[in-house]
Each structure stands twice: as C-alpha cells, then as structure tokens.
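Next comes target13.cif, a file with mmCIF, N, CA and C atoms.
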data_upload
#
loop_
_atom_site.label_atom_id
_atom_site.label_comp_id
_atom_site.auth_asym_id
_atom_site.auth_seq_id
_atom_site.Cartn_x
_atom_site.Cartn_y
_atom_site.Cartn_z
N MET A 13 122.37 112.62 114.66
CA MET A 13 122.10 113.94 115.17
C MET A 13 122.70 114.96 114.20
N GLU A 14 121.88 115.90 113.77
CA GLU A 14 122.31 116.89 112.79
C GLU A 14 122.87 118.12 113.49
N PRO A 15 123.99 118.60 113.01
CA PRO A 15 124.58 119.80 113.61
C PRO A 15 123.84 121.06 113.18
N ALA A 16 123.95 122.08 113.99
CA ALA A 16 123.48 123.42 113.65
C ALA A 16 124.70 124.32 113.59
N PHE A 17 124.74 125.16 112.58
CA PHE A 17 125.84 126.11 112.42
C PHE A 17 125.26 127.50 112.61
N ASN A 18 125.42 128.04 113.81
CA ASN A 18 124.80 129.30 114.18
C ASN A 18 125.85 130.39 114.36
N LYS A 19 125.48 131.60 113.95
CA LYS A 19 126.40 132.72 114.11
C LYS A 19 126.68 132.96 115.59
N ILE A 20 127.92 133.27 115.87
CA ILE A 20 128.33 133.70 117.20
C ILE A 20 128.38 135.22 117.16
N LEU A 21 127.53 135.85 117.92
CA LEU A 21 127.49 137.30 117.95
C LEU A 21 128.69 137.85 118.72
N LYS A 22 129.02 139.07 118.43
CA LYS A 22 130.17 139.72 119.06
C LYS A 22 130.09 139.65 120.59
N ARG A 23 128.89 139.82 121.11
CA ARG A 23 128.72 139.81 122.57
C ARG A 23 128.96 138.43 123.19
N ASP A 24 128.98 137.37 122.35
CA ASP A 24 129.14 136.00 122.84
C ASP A 24 130.50 135.39 122.53
N LEU A 25 131.47 136.22 122.18
CA LEU A 25 132.79 135.73 121.77
C LEU A 25 133.49 134.91 122.84
N ASP A 26 133.21 135.18 124.10
CA ASP A 26 133.87 134.44 125.18
C ASP A 26 133.65 132.93 125.05
N THR A 27 132.54 132.52 124.42
CA THR A 27 132.24 131.09 124.32
C THR A 27 133.22 130.34 123.44
N ILE A 28 133.84 131.02 122.47
CA ILE A 28 134.75 130.32 121.56
C ILE A 28 136.22 130.53 121.88
N LEU A 29 136.53 131.41 122.81
CA LEU A 29 137.94 131.69 123.13
C LEU A 29 138.72 130.44 123.54
N PRO A 30 138.16 129.53 124.33
CA PRO A 30 138.92 128.31 124.67
C PRO A 30 139.32 127.51 123.43
N TYR A 31 138.46 127.48 122.42
CA TYR A 31 138.79 126.76 121.19
C TYR A 31 139.96 127.41 120.47
N LEU A 32 139.97 128.74 120.42
CA LEU A 32 141.07 129.44 119.75
C LEU A 32 142.38 129.23 120.50
N GLU A 33 142.29 129.17 121.81
CA GLU A 33 143.50 128.91 122.60
C GLU A 33 144.05 127.51 122.30
N ASN A 34 143.18 126.54 122.13
CA ASN A 34 143.60 125.17 121.81
C ASN A 34 144.16 125.06 120.40
N LEU A 35 143.58 125.81 119.49
CA LEU A 35 143.95 125.72 118.08
C LEU A 35 145.30 126.35 117.80
N SER A 36 145.57 127.43 118.43
CA SER A 36 146.74 128.23 118.09
C SER A 36 147.92 127.91 119.00
N SER A 37 149.09 128.01 118.43
CA SER A 37 150.29 127.87 119.25
C SER A 37 150.67 129.23 119.83
N SER A 38 149.81 130.20 119.63
CA SER A 38 150.06 131.55 120.13
C SER A 38 150.02 131.56 121.65
N THR A 39 150.82 132.41 122.21
CA THR A 39 150.81 132.58 123.66
C THR A 39 150.05 133.84 124.05
N ALA A 40 149.25 134.36 123.13
CA ALA A 40 148.47 135.57 123.40
C ALA A 40 147.50 135.32 124.55
N LYS A 41 147.40 136.30 125.41
CA LYS A 41 146.45 136.21 126.51
C LYS A 41 145.02 136.23 125.96
N ARG A 42 144.12 135.68 126.74
CA ARG A 42 142.72 135.61 126.33
C ARG A 42 142.17 137.01 126.02
N SER A 43 142.56 137.99 126.80
CA SER A 43 142.06 139.36 126.56
C SER A 43 142.52 139.88 125.20
N ILE A 44 143.72 139.51 124.78
CA ILE A 44 144.22 139.93 123.46
C ILE A 44 143.47 139.21 122.36
N LEU A 45 143.24 137.90 122.52
CA LEU A 45 142.46 137.15 121.53
C LEU A 45 141.07 137.75 121.37
N LYS A 46 140.45 138.10 122.49
CA LYS A 46 139.10 138.69 122.43
C LYS A 46 139.13 140.03 121.72
N ALA A 47 140.11 140.86 122.03
CA ALA A 47 140.21 142.17 121.37
C ALA A 47 140.42 142.01 119.87
N ARG A 48 141.23 141.05 119.48
CA ARG A 48 141.44 140.80 118.05
C ARG A 48 140.16 140.35 117.37
N LEU A 49 139.43 139.44 118.00
CA LEU A 49 138.17 138.98 117.43
C LEU A 49 137.17 140.13 117.29
N GLU A 50 137.09 140.97 118.31
CA GLU A 50 136.18 142.11 118.25
C GLU A 50 136.52 143.00 117.07
N GLU A 51 137.79 143.21 116.82
CA GLU A 51 138.22 144.03 115.68
C GLU A 51 137.89 143.34 114.35
N MET A 52 138.01 142.02 114.32
CA MET A 52 137.74 141.27 113.09
C MET A 52 136.30 141.46 112.62
N TYR A 53 135.36 141.62 113.56
CA TYR A 53 133.96 141.77 113.19
C TYR A 53 133.72 142.98 112.28
N ALA A 54 134.58 143.97 112.33
CA ALA A 54 134.44 145.17 111.49
C ALA A 54 135.11 144.99 110.13
N GLN A 55 135.63 143.79 109.85
CA GLN A 55 136.43 143.57 108.64
C GLN A 55 135.89 142.43 107.77
N ASN A 56 134.59 142.41 107.52
CA ASN A 56 133.97 141.38 106.67
C ASN A 56 134.19 139.97 107.19
N TYR A 57 134.10 139.82 108.50
CA TYR A 57 134.31 138.54 109.18
C TYR A 57 133.01 138.11 109.84
N GLU A 58 132.72 136.81 109.79
CA GLU A 58 131.59 136.23 110.50
C GLU A 58 132.07 135.01 111.27
N CYS A 59 131.57 134.84 112.48
CA CYS A 59 131.97 133.71 113.32
C CYS A 59 130.76 132.80 113.53
N PHE A 60 131.02 131.50 113.51
CA PHE A 60 129.97 130.50 113.69
C PHE A 60 130.35 129.52 114.79
N GLY A 61 129.34 129.02 115.46
CA GLY A 61 129.51 127.92 116.39
C GLY A 61 128.94 126.66 115.76
N VAL A 62 129.53 125.53 116.11
CA VAL A 62 129.03 124.23 115.69
C VAL A 62 128.30 123.64 116.89
N PHE A 63 127.01 123.38 116.75
CA PHE A 63 126.19 122.92 117.87
C PHE A 63 125.60 121.54 117.58
N LEU A 64 125.63 120.69 118.58
CA LEU A 64 124.94 119.40 118.56
C LEU A 64 124.01 119.38 119.77
N ASP A 65 122.72 119.22 119.52
CA ASP A 65 121.74 119.26 120.61
C ASP A 65 121.95 120.48 121.50
N SER A 66 122.13 121.63 120.90
CA SER A 66 122.32 122.92 121.59
C SER A 66 123.63 123.03 122.35
N LYS A 67 124.53 122.05 122.22
CA LYS A 67 125.83 122.09 122.89
C LYS A 67 126.88 122.56 121.89
N LEU A 68 127.64 123.57 122.27
CA LEU A 68 128.72 124.08 121.43
C LEU A 68 129.86 123.07 121.42
N VAL A 69 130.23 122.59 120.22
CA VAL A 69 131.29 121.58 120.10
C VAL A 69 132.40 122.03 119.15
N GLY A 70 132.29 123.23 118.62
CA GLY A 70 133.32 123.72 117.71
C GLY A 70 133.02 125.11 117.21
N THR A 71 133.94 125.62 116.40
CA THR A 71 133.77 126.96 115.85
C THR A 71 134.53 127.09 114.54
N PHE A 72 134.18 128.09 113.78
CA PHE A 72 134.93 128.46 112.58
C PHE A 72 134.55 129.89 112.22
N GLY A 73 135.43 130.53 111.49
CA GLY A 73 135.17 131.89 111.03
C GLY A 73 135.21 131.94 109.51
N LEU A 74 134.56 132.95 108.97
CA LEU A 74 134.54 133.16 107.53
C LEU A 74 134.88 134.62 107.22
N TRP A 75 135.80 134.81 106.29
CA TRP A 75 136.17 136.13 105.80
C TRP A 75 135.64 136.26 104.37
N PHE A 76 135.09 137.40 104.05
CA PHE A 76 134.59 137.65 102.70
C PHE A 76 135.37 138.78 102.06
N MET A 77 135.87 138.52 100.83
CA MET A 77 136.69 139.50 100.13
C MET A 77 136.67 139.22 98.64
N THR A 78 137.23 140.12 97.88
CA THR A 78 137.41 139.90 96.45
C THR A 78 138.90 139.80 96.17
N ARG A 79 139.30 138.74 95.52
CA ARG A 79 140.70 138.48 95.19
C ARG A 79 140.89 138.63 93.69
N HIS A 80 142.01 139.21 93.27
CA HIS A 80 142.26 139.39 91.85
C HIS A 80 142.36 138.06 91.12
N TYR A 81 142.78 137.00 91.80
CA TYR A 81 142.99 135.71 91.15
C TYR A 81 141.80 134.76 91.27
N ALA A 82 140.82 135.10 92.12
CA ALA A 82 139.72 134.16 92.34
C ALA A 82 138.34 134.80 92.32
N GLY A 83 138.28 136.12 92.30
CA GLY A 83 136.99 136.80 92.37
C GLY A 83 136.49 136.86 93.81
N ARG A 84 135.18 136.97 93.96
CA ARG A 84 134.60 137.05 95.31
C ARG A 84 134.87 135.73 96.02
N SER A 85 135.48 135.82 97.20
CA SER A 85 135.95 134.63 97.91
C SER A 85 135.49 134.61 99.36
N CYS A 86 135.45 133.41 99.88
CA CYS A 86 135.20 133.17 101.30
C CYS A 86 136.39 132.38 101.83
N GLU A 87 137.03 132.90 102.86
CA GLU A 87 138.17 132.21 103.46
C GLU A 87 137.78 131.67 104.83
N LEU A 88 137.91 130.37 104.98
CA LEU A 88 137.64 129.74 106.27
C LEU A 88 138.80 130.01 107.22
N ASP A 89 138.47 130.23 108.48
CA ASP A 89 139.49 130.56 109.48
C ASP A 89 139.17 129.80 110.77
N HIS A 90 140.16 129.52 111.52
CA HIS A 90 140.10 128.88 112.85
C HIS A 90 139.03 127.80 112.96
N ILE A 91 139.11 126.82 112.07
CA ILE A 91 138.18 125.68 112.10
C ILE A 91 138.60 124.78 113.27
N TYR A 92 137.69 124.57 114.21
CA TYR A 92 138.03 123.76 115.38
C TYR A 92 136.82 122.94 115.81
N LEU A 93 137.02 121.65 115.96
CA LEU A 93 136.02 120.76 116.54
C LEU A 93 136.64 120.07 117.74
N GLU A 94 135.86 119.93 118.80
CA GLU A 94 136.36 119.20 119.97
C GLU A 94 136.77 117.79 119.55
N GLN A 95 137.81 117.29 120.16
CA GLN A 95 138.39 115.99 119.80
C GLN A 95 137.34 114.88 119.77
N ALA A 96 136.43 114.88 120.72
CA ALA A 96 135.42 113.81 120.82
C ALA A 96 134.45 113.80 119.63
N TYR A 97 134.41 114.87 118.85
CA TYR A 97 133.46 114.96 117.74
C TYR A 97 134.13 114.89 116.37
N ARG A 98 135.41 114.58 116.34
CA ARG A 98 136.12 114.45 115.07
C ARG A 98 135.94 113.05 114.50
N SER A 99 136.17 112.93 113.20
CA SER A 99 136.09 111.65 112.48
C SER A 99 134.71 111.00 112.58
N GLN A 100 133.68 111.84 112.62
CA GLN A 100 132.30 111.35 112.68
C GLN A 100 131.43 111.95 111.58
N GLY A 101 132.06 112.60 110.60
CA GLY A 101 131.31 113.20 109.50
C GLY A 101 130.89 114.63 109.73
N LEU A 102 131.19 115.17 110.90
CA LEU A 102 130.79 116.54 111.22
C LEU A 102 131.54 117.55 110.35
N GLY A 103 132.81 117.30 110.08
CA GLY A 103 133.59 118.19 109.23
C GLY A 103 133.02 118.27 107.83
N LYS A 104 132.59 117.15 107.29
CA LYS A 104 131.98 117.13 105.95
C LYS A 104 130.71 117.98 105.93
N LYS A 105 129.91 117.87 106.98
CA LYS A 105 128.68 118.67 107.06
C LYS A 105 129.01 120.15 107.21
N LEU A 106 130.04 120.45 107.98
CA LEU A 106 130.47 121.84 108.15
C LEU A 106 130.88 122.42 106.79
N PHE A 107 131.68 121.68 106.04
CA PHE A 107 132.14 122.18 104.75
C PHE A 107 131.00 122.30 103.74
N LYS A 108 130.03 121.40 103.80
CA LYS A 108 128.86 121.49 102.93
C LYS A 108 128.08 122.76 103.26
N PHE A 109 127.92 123.05 104.56
CA PHE A 109 127.24 124.27 104.98
C PHE A 109 127.99 125.50 104.48
N VAL A 110 129.31 125.53 104.68
CA VAL A 110 130.10 126.70 104.27
C VAL A 110 129.99 126.92 102.77
N GLU A 111 130.06 125.86 102.00
CA GLU A 111 129.96 125.99 100.54
C GLU A 111 128.62 126.61 100.14
N ALA A 112 127.54 126.12 100.71
CA ALA A 112 126.21 126.65 100.39
C ALA A 112 126.08 128.10 100.85
N TYR A 113 126.60 128.39 102.04
CA TYR A 113 126.53 129.75 102.58
C TYR A 113 127.32 130.71 101.71
N ALA A 114 128.52 130.32 101.30
CA ALA A 114 129.36 131.17 100.45
C ALA A 114 128.68 131.39 99.10
N GLN A 115 128.07 130.37 98.55
CA GLN A 115 127.36 130.53 97.28
C GLN A 115 126.18 131.49 97.43
N SER A 116 125.52 131.46 98.59
CA SER A 116 124.39 132.37 98.83
C SER A 116 124.86 133.82 98.90
N LYS A 117 126.15 134.02 99.15
CA LYS A 117 126.75 135.35 99.19
C LYS A 117 127.51 135.66 97.90
N ASN A 118 127.20 134.89 96.87
CA ASN A 118 127.77 135.08 95.52
C ASN A 118 129.28 134.90 95.46
N CYS A 119 129.82 134.03 96.29
CA CYS A 119 131.26 133.75 96.24
C CYS A 119 131.55 132.79 95.10
N GLU A 120 132.72 132.97 94.51
CA GLU A 120 133.18 132.13 93.41
C GLU A 120 134.21 131.11 93.86
N ALA A 121 134.76 131.30 95.05
CA ALA A 121 135.83 130.41 95.52
C ALA A 121 135.84 130.35 97.04
N LEU A 122 136.35 129.23 97.56
CA LEU A 122 136.63 129.06 98.98
C LEU A 122 138.13 128.91 99.14
N GLU A 123 138.66 129.47 100.22
CA GLU A 123 140.09 129.36 100.52
C GLU A 123 140.26 129.05 102.00
N LEU A 124 141.42 128.54 102.35
CA LEU A 124 141.76 128.36 103.76
C LEU A 124 143.26 128.21 103.91
N ASN A 125 143.72 128.41 105.11
CA ASN A 125 145.11 128.16 105.48
C ASN A 125 145.11 127.03 106.50
N SER A 126 146.21 126.30 106.56
CA SER A 126 146.32 125.21 107.52
C SER A 126 147.75 125.18 108.05
N TYR A 127 147.88 124.94 109.34
CA TYR A 127 149.22 124.83 109.91
C TYR A 127 149.97 123.69 109.24
N VAL A 128 151.23 123.92 108.97
CA VAL A 128 152.07 122.95 108.26
C VAL A 128 152.05 121.59 108.95
N GLU A 129 152.06 121.57 110.26
CA GLU A 129 152.15 120.32 111.01
C GLU A 129 150.81 119.60 111.16
N ASN A 130 149.72 120.19 110.68
CA ASN A 130 148.39 119.60 110.84
C ASN A 130 148.06 118.67 109.67
N PHE A 131 148.77 117.55 109.60
CA PHE A 131 148.65 116.63 108.47
C PHE A 131 147.23 116.07 108.30
N ALA A 132 146.55 115.81 109.40
CA ALA A 132 145.20 115.25 109.29
C ALA A 132 144.27 116.22 108.57
N SER A 133 144.43 117.52 108.84
CA SER A 133 143.57 118.49 108.16
C SER A 133 143.91 118.56 106.67
N HIS A 134 145.19 118.44 106.33
CA HIS A 134 145.59 118.50 104.92
C HIS A 134 144.87 117.40 104.13
N LYS A 135 144.86 116.20 104.67
CA LYS A 135 144.21 115.08 104.01
C LYS A 135 142.71 115.35 103.86
N PHE A 136 142.10 115.85 104.93
CA PHE A 136 140.67 116.16 104.89
C PHE A 136 140.38 117.19 103.80
N PHE A 137 141.15 118.28 103.77
CA PHE A 137 140.90 119.34 102.79
C PHE A 137 141.06 118.83 101.36
N MET A 138 142.06 118.01 101.13
CA MET A 138 142.25 117.46 99.79
C MET A 138 141.10 116.53 99.41
N ASN A 139 140.60 115.77 100.38
CA ASN A 139 139.43 114.91 100.12
C ASN A 139 138.17 115.73 99.84
N GLU A 140 138.17 116.98 100.27
CA GLU A 140 137.04 117.88 100.02
C GLU A 140 137.24 118.70 98.74
N ALA A 141 138.23 118.31 97.93
CA ALA A 141 138.51 118.91 96.61
C ALA A 141 139.24 120.26 96.69
N TYR A 142 139.88 120.54 97.81
CA TYR A 142 140.74 121.72 97.90
C TYR A 142 142.10 121.33 97.31
N ILE A 143 142.72 122.27 96.63
CA ILE A 143 144.04 122.01 96.06
C ILE A 143 145.06 122.91 96.73
N LEU A 144 146.24 122.39 96.89
CA LEU A 144 147.34 123.14 97.49
C LEU A 144 147.88 124.09 96.44
N ARG A 145 147.74 125.41 96.71
CA ARG A 145 148.14 126.41 95.73
C ARG A 145 149.34 127.24 96.15
N GLY A 146 149.81 127.11 97.37
CA GLY A 146 150.94 127.93 97.79
C GLY A 146 151.23 127.77 99.26
N TYR A 147 152.01 128.68 99.76
CA TYR A 147 152.39 128.70 101.17
C TYR A 147 151.94 130.01 101.78
N HIS A 148 151.64 129.97 103.05
CA HIS A 148 151.29 131.17 103.80
C HIS A 148 152.50 131.52 104.65
N PHE A 149 153.03 132.71 104.46
CA PHE A 149 154.20 133.15 105.22
C PHE A 149 153.77 134.18 106.25
N LEU A 150 154.46 134.22 107.38
CA LEU A 150 154.15 135.15 108.46
C LEU A 150 155.45 135.69 109.02
N LYS A 151 155.50 136.99 109.22
CA LYS A 151 156.62 137.63 109.90
C LYS A 151 156.04 138.55 110.96
N LYS A 152 156.31 138.26 112.21
CA LYS A 152 155.81 139.08 113.31
C LYS A 152 156.62 140.36 113.39
N LEU A 153 155.95 141.47 113.57
CA LEU A 153 156.61 142.78 113.68
C LEU A 153 156.63 143.26 115.11
#

Using the file provided, produce a representation of the structure as structure tokens.
Amino acid sequence: MEPAFNKILKRDLDTILPYLENLSSSTAKRSILKARLEEMYAQNYECFGVFLDSKLVGTFGLWFMTRHYAGRSCELDHIYLEQAYRSQGLGKKLFKFVEAYAQSKNCEALELNSYVENFASHKFFMNEAYILRGYHFLKKL
C-alpha cells in the first residue's frame, strides 16, 4: 500500500494536534499548540499528513528558508508516524517525497533537528545520509 503525503490546511490543524502532543515533551495545552501552528503558517511553513488508504497515520512539517551556510533549505519538523506504522518502510518513502518536494522548490539542502534521547531516529537519519553537524540549544524565556 502506497502512502499519500497531502498538505494539511490551516483549517484542518486539529487532525494533527494529537500527534504533536505525543511527539513533544511539552506540557503546552492543545489550544496553545494550535495557536502556534496557526502562526507558523505565515512563516514559510507547510504541514503534511501521511495517509494510508485515506487514513491519517502521521504528520510532518516543512520550513523553507535561505541559510548562509547551506543556501535555500528545507527543514523537516515534527516528523511523527503512529507506532503501528513504523519500521515498515514508510519513513523511507516519506523522506524520498520530502527530498523530491524540496528539489521542486529549488532547495539545495535538507535539515532537521532530533531530540537527544530519540536514538532510533538518529540511526534512521544517518542511514538516510544525514550527517550530524551540531547541537540545537534551547532556552525558554
């Protein structure tokens, strides 16, 4: 069964909020997550759903920007697949789609961040030819 990677429109954001709650260790209320996502849409952000037979089984976001060190870039964000659909090749298909989509938007590089404790994702990203280039630091204000 082939996945479909369809844009999630701003009006349909509620469908992916449970995934973001599972992905993040944040204690932000759902209303805050939704407000943040709505704001993201005005900032070169696109959201996608991962569908199998019209059933939503995951989500990911893409940010588009120009970086001084990489040129026009696409940054993957909040990549999430339901547990039952992991380790079945779906992630490889997702990354193949993202690469082609980013190239269609004239991107020169793909980037992503990963939680330090998410070892399984680190292995996957390295197997997909991503290289570890640094650390992402966060300070809440």

Near Ser85 in chain A, within 7 Å and counting only N, CA and C atoms, which residues show up once chain neighbours fewer than 2 positions away are dropped, as a PDB file with N, CA and C atoms, in the coordinates of the input?
ATOM      1  N   TRP A  75     135.800 134.810 106.290  1.00  0.00           N
ATOM      2  CA  TRP A  75     136.170 136.130 105.800  1.00  0.00           C
ATOM      3  C   TRP A  75     135.640 136.260 104.370  1.00  0.00           C
ATOM      4  N   PHE A  76     135.090 137.400 104.050  1.00  0.00           N
ATOM      5  CA  PHE A  76     134.590 137.650 102.700  1.00  0.00           C
ATOM      6  C   PHE A  76     135.370 138.780 102.060  1.00  0.00           C
ATOM      7  N   MET A  77     135.870 138.520 100.830  1.00  0.00           N
ATOM      8  CA  MET A  77     136.690 139.500 100.130  1.00  0.00           C
ATOM      9  C   MET A  77     136.670 139.220  98.640  1.00  0.00           C
ATOM     10  N   THR A  78     137.230 140.120  97.880  1.00  0.00           N
ATOM     11  CA  THR A  78     137.410 139.900  96.450  1.00  0.00           C
ATOM     12  C   THR A  78     138.900 139.800  96.170  1.00  0.00           C
ATOM     13  N   ARG A  79     139.300 138.740  95.520  1.00  0.00           N
ATOM     14  CA  ARG A  79     140.700 138.480  95.190  1.00  0.00           C
ATOM     15  C   ARG A  79     140.890 138.630  93.690  1.00  0.00           C
ATOM     16  N   ALA A  82     140.820 135.100  92.120  1.00  0.00           N
ATOM     17  CA  ALA A  82     139.720 134.160  92.340  1.00  0.00           C
ATOM     18  C   ALA A  82     138.340 134.800  92.320  1.00  0.00           C
ATOM     19  N   GLY A  83     138.280 136.120  92.300  1.00  0.00           N
ATOM     20  CA  GLY A  83     136.990 136.800  92.370  1.00  0.00           C
ATOM     21  C   GLY A  83     136.490 136.860  93.810  1.00  0.00           C
ATOM     22  N   GLU A  87     137.030 132.900 102.860  1.00  0.00           N
ATOM     23  CA  GLU A  87     138.170 132.210 103.460  1.00  0.00           C
ATOM     24  C   GLU A  87     137.780 131.670 104.830  1.00  0.00           C
ATOM     25  N   ASN A 118     127.200 134.890  96.870  1.00  0.00           N
ATOM     26  CA  ASN A 118     127.770 135.080  95.520  1.00  0.00           C
ATOM     27  C   ASN A 118     129.280 134.900  95.460  1.00  0.00           C
ATOM     28  N   CYS A 119     129.820 134.030  96.290  1.00  0.00           N
ATOM     29  CA  CYS A 119     131.260 133.750  96.240  1.00  0.00           C
ATOM     30  C   CYS A 119     131.550 132.790  95.100  1.00  0.00           C
ATOM     31  N   GLU A 120     132.720 132.970  94.510  1.00  0.00           N
ATOM     32  CA  GLU A 120     133.180 132.130  93.410  1.00  0.00           C
ATOM     33  C   GLU A 120     134.210 131.110  93.860  1.00  0.00           C
ATOM     34  N   ALA A 121     134.760 131.300  95.050  1.00  0.00           N
ATOM     35  CA  ALA A 121     135.830 130.410  95.520  1.00  0.00           C
ATOM     36  C   ALA A 121     135.840 130.350  97.040  1.00  0.00           C
ATOM     37  N   LEU A 122     136.350 129.230  97.560  1.00  0.00           N
ATOM     38  CA  LEU A 122     136.630 129.060  98.980  1.00  0.00           C
ATOM     39  C   LEU A 122     138.130 128.910  99.140  1.00  0.00           C
ATOM     40  N   GLU A 123     138.660 129.470 100.220  1.00  0.00           N
ATOM     41  CA  GLU A 123     140.090 129.360 100.520  1.00  0.00           C
ATOM     42  C   GLU A 123     140.260 129.050 102.000  1.00  0.00           C
TER      43      GLU A 123
END

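The residue set within 12 Å of Asn139 in chain A, counting only C-alpha atoms and dropping same-chain residues fewer than 4 places from it, reads Gly103, Lys104, Phe107, Ala132, Ser133, His134, Lys135, Ile143 and Leu144 of chain A.
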
Store the residues picked out above in a file with N, CA and C atoms, as an mmCIF file, keeping the file's coordinate frame.
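That gives us result.cif:
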data_model
loop_
_atom_site.group_PDB
_atom_site.id
_atom_site.type_symbol
_atom_site.label_atom_id
_atom_site.label_comp_id
_atom_site.auth_asym_id
_atom_site.auth_seq_id
_atom_site.Cartn_x
_atom_site.Cartn_y
_atom_site.Cartn_z
ATOM 1 N N GLY A 103 132.810 117.300 110.080
ATOM 2 C CA GLY A 103 133.590 118.190 109.230
ATOM 3 C C GLY A 103 133.020 118.270 107.830
ATOM 4 N N LYS A 104 132.590 117.150 107.290
ATOM 5 C CA LYS A 104 131.980 117.130 105.950
ATOM 6 C C LYS A 104 130.710 117.980 105.930
ATOM 7 N N PHE A 107 131.680 121.680 106.040
ATOM 8 C CA PHE A 107 132.140 122.180 104.750
ATOM 9 C C PHE A 107 131.000 122.300 103.740
ATOM 10 N N ALA A 132 146.550 115.810 109.400
ATOM 11 C CA ALA A 132 145.200 115.250 109.290
ATOM 12 C C ALA A 132 144.270 116.220 108.570
ATOM 13 N N SER A 133 144.430 117.520 108.840
ATOM 14 C CA SER A 133 143.570 118.490 108.160
ATOM 15 C C SER A 133 143.910 118.560 106.670
ATOM 16 N N HIS A 134 145.190 118.440 106.330
ATOM 17 C CA HIS A 134 145.590 118.500 104.920
ATOM 18 C C HIS A 134 144.870 117.400 104.130
ATOM 19 N N LYS A 135 144.860 116.200 104.670
ATOM 20 C CA LYS A 135 144.210 115.080 104.010
ATOM 21 C C LYS A 135 142.710 115.350 103.860
ATOM 22 N N ILE A 143 142.720 122.270 96.630
ATOM 23 C CA ILE A 143 144.040 122.010 96.060
ATOM 24 C C ILE A 143 145.060 122.910 96.730
ATOM 25 N N LEU A 144 146.240 122.390 96.890
ATOM 26 C CA LEU A 144 147.340 123.140 97.490
ATOM 27 C C LEU A 144 147.880 124.090 96.440
#

Legend entry - Picked from range 20-99 of chain A by DSSP as alpha helix (DSSP H), as a ChimeraX atom specification: /A:29-35,42-52

Inset, instruction - Identify, on the basis of only N, CA and C atoms, every residue whose closest approach to Leu25 in chain A does not exceed 8 Å; exclude the query and any residue fewer than 4 positions from it along the same chain; express the result as number ranges by chain. - result: A: 20-21, 29-30, 46, 49-50

Legend entry - Explicit residues for the PyMOL selection byres (((chain A and resi 61 and name CA) around 10) and name CA) (as a list of chain:residue names):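 Applied to this file, the PyMOL selection byres (((chain A and resi 61 and name CA) around 10) and name CA) returns A:Pro15, A:Ala16, A:Phe17, A:Asn18, A:Lys19, A:Ile20, A:Leu21, A:Thr27, A:Ile28, A:Cys59, A:Phe60, A:Val62, A:Phe63, A:Leu64, A:Lys67, A:Leu68, A:Val69, A:Gly70, A:Thr71, A:Phe72, A:Gly73, A:Ile91, A:Tyr92, A:Leu93.
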
Expected file contents, prior selection, N, CA and C atoms, as a short mmCIF file (atom, residue, chain, number, x, y, z; two decimals), in the coordinates of the input:
data_model
loop_
_atom_site.label_atom_id
_atom_site.label_comp_id
_atom_site.auth_asym_id
_atom_site.auth_seq_id
_atom_site.Cartn_x
_atom_site.Cartn_y
_atom_site.Cartn_z
N PRO A 15 123.99 118.60 113.01
CA PRO A 15 124.58 119.80 113.61
C PRO A 15 123.84 121.06 113.18
N ALA A 16 123.95 122.08 113.99
CA ALA A 16 123.48 123.42 113.65
C ALA A 16 124.70 124.32 113.59
N PHE A 17 124.74 125.16 112.58
CA PHE A 17 125.84 126.11 112.42
C PHE A 17 125.26 127.50 112.61
N ASN A 18 125.42 128.04 113.81
CA ASN A 18 124.80 129.30 114.18
C ASN A 18 125.85 130.39 114.36
N LYS A 19 125.48 131.60 113.95
CA LYS A 19 126.40 132.72 114.11
C LYS A 19 126.68 132.96 115.59
N ILE A 20 127.92 133.27 115.87
CA ILE A 20 128.33 133.70 117.20
C ILE A 20 128.38 135.22 117.16
N LEU A 21 127.53 135.85 117.92
CA LEU A 21 127.49 137.30 117.95
C LEU A 21 128.69 137.85 118.72
N THR A 27 132.54 132.52 124.42
CA THR A 27 132.24 131.09 124.32
C THR A 27 133.22 130.34 123.44
N ILE A 28 133.84 131.02 122.47
CA ILE A 28 134.75 130.32 121.56
C ILE A 28 136.22 130.53 121.88
N CYS A 59 131.57 134.84 112.48
CA CYS A 59 131.97 133.71 113.32
C CYS A 59 130.76 132.80 113.53
N PHE A 60 131.02 131.50 113.51
CA PHE A 60 129.97 130.50 113.69
C PHE A 60 130.35 129.52 114.79
N VAL A 62 129.53 125.53 116.11
CA VAL A 62 129.03 124.23 115.69
C VAL A 62 128.30 123.64 116.89
N PHE A 63 127.01 123.38 116.75
CA PHE A 63 126.19 122.92 117.87
C PHE A 63 125.60 121.54 117.58
N LEU A 64 125.63 120.69 118.58
CA LEU A 64 124.94 119.40 118.56
C LEU A 64 124.01 119.38 119.77
N LYS A 67 124.53 122.05 122.22
CA LYS A 67 125.83 122.09 122.89
C LYS A 67 126.88 122.56 121.89
N LEU A 68 127.64 123.57 122.27
CA LEU A 68 128.72 124.08 121.43
C LEU A 68 129.86 123.07 121.42
N VAL A 69 130.23 122.59 120.22
CA VAL A 69 131.29 121.58 120.10
C VAL A 69 132.40 122.03 119.15
N GLY A 70 132.29 123.23 118.62
CA GLY A 70 133.32 123.72 117.71
C GLY A 70 133.02 125.11 117.21
N THR A 71 133.94 125.62 116.40
CA THR A 71 133.77 126.96 115.85
C THR A 71 134.53 127.09 114.54
N PHE A 72 134.18 128.09 113.78
CA PHE A 72 134.93 128.46 112.58
C PHE A 72 134.55 129.89 112.22
N GLY A 73 135.43 130.53 111.49
CA GLY A 73 135.17 131.89 111.03
C GLY A 73 135.21 131.94 109.51
N ILE A 91 139.11 126.82 112.07
CA ILE A 91 138.18 125.68 112.10
C ILE A 91 138.60 124.78 113.27
N TYR A 92 137.69 124.57 114.21
CA TYR A 92 138.03 123.76 115.38
C TYR A 92 136.82 122.94 115.81
N LEU A 93 137.02 121.65 115.96
CA LEU A 93 136.02 120.76 116.54
C LEU A 93 136.64 120.07 117.74
#

Inset, instruction - Check the DSSP output for the backbone and give back, as a PyMOL selection string, the residues of chain A in strand (DSSP E or B). - result: chain A and resi 16-19+57-64+67-79+83-93+121-124

Inset, instruction - Can you work out the spacing between CA of Met52 in chain A and CA of Arg23 in chain A in Å, to one decimal? - result: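 For CA of Met52 in chain A relative to CA of Arg23 in chain A, the distance reads 13.2 Å.
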
Inset, instruction - Record the distance separating CA of Asp89 in chain A and CA of Leu74 in chain A, expressed in Å with one decimal. - result: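 One can read the CA of Asp89 in chain A to CA of Leu74 in chain A distance as 5.9 Å.
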
Inset, instruction - Kindly give the distance, in Å, that separates CA of Glu14 in chain A and CA of Gly101 in chain A, rounded to a single decimal. - result: 10.3 Å

Legend entry - Residue with smallest distance to Tyr53 in chain A - pool A:Tyr97, A:Lys22, A:Phe136, A:Lys117, counting all atoms listed in the file: A:Lys22

Provide an axis-aligned box for all listed atoms of range 28-36 of chain A, padding each side by 8 Å; report its centre and its edge lengths in Å to one decimal, as lines of an AutoDock Vina configuration file.
center_x = 140.9
center_y = 128.4
center_z = 121.2
size_x = 30.1
size_y = 22.6
size_z = 22.9
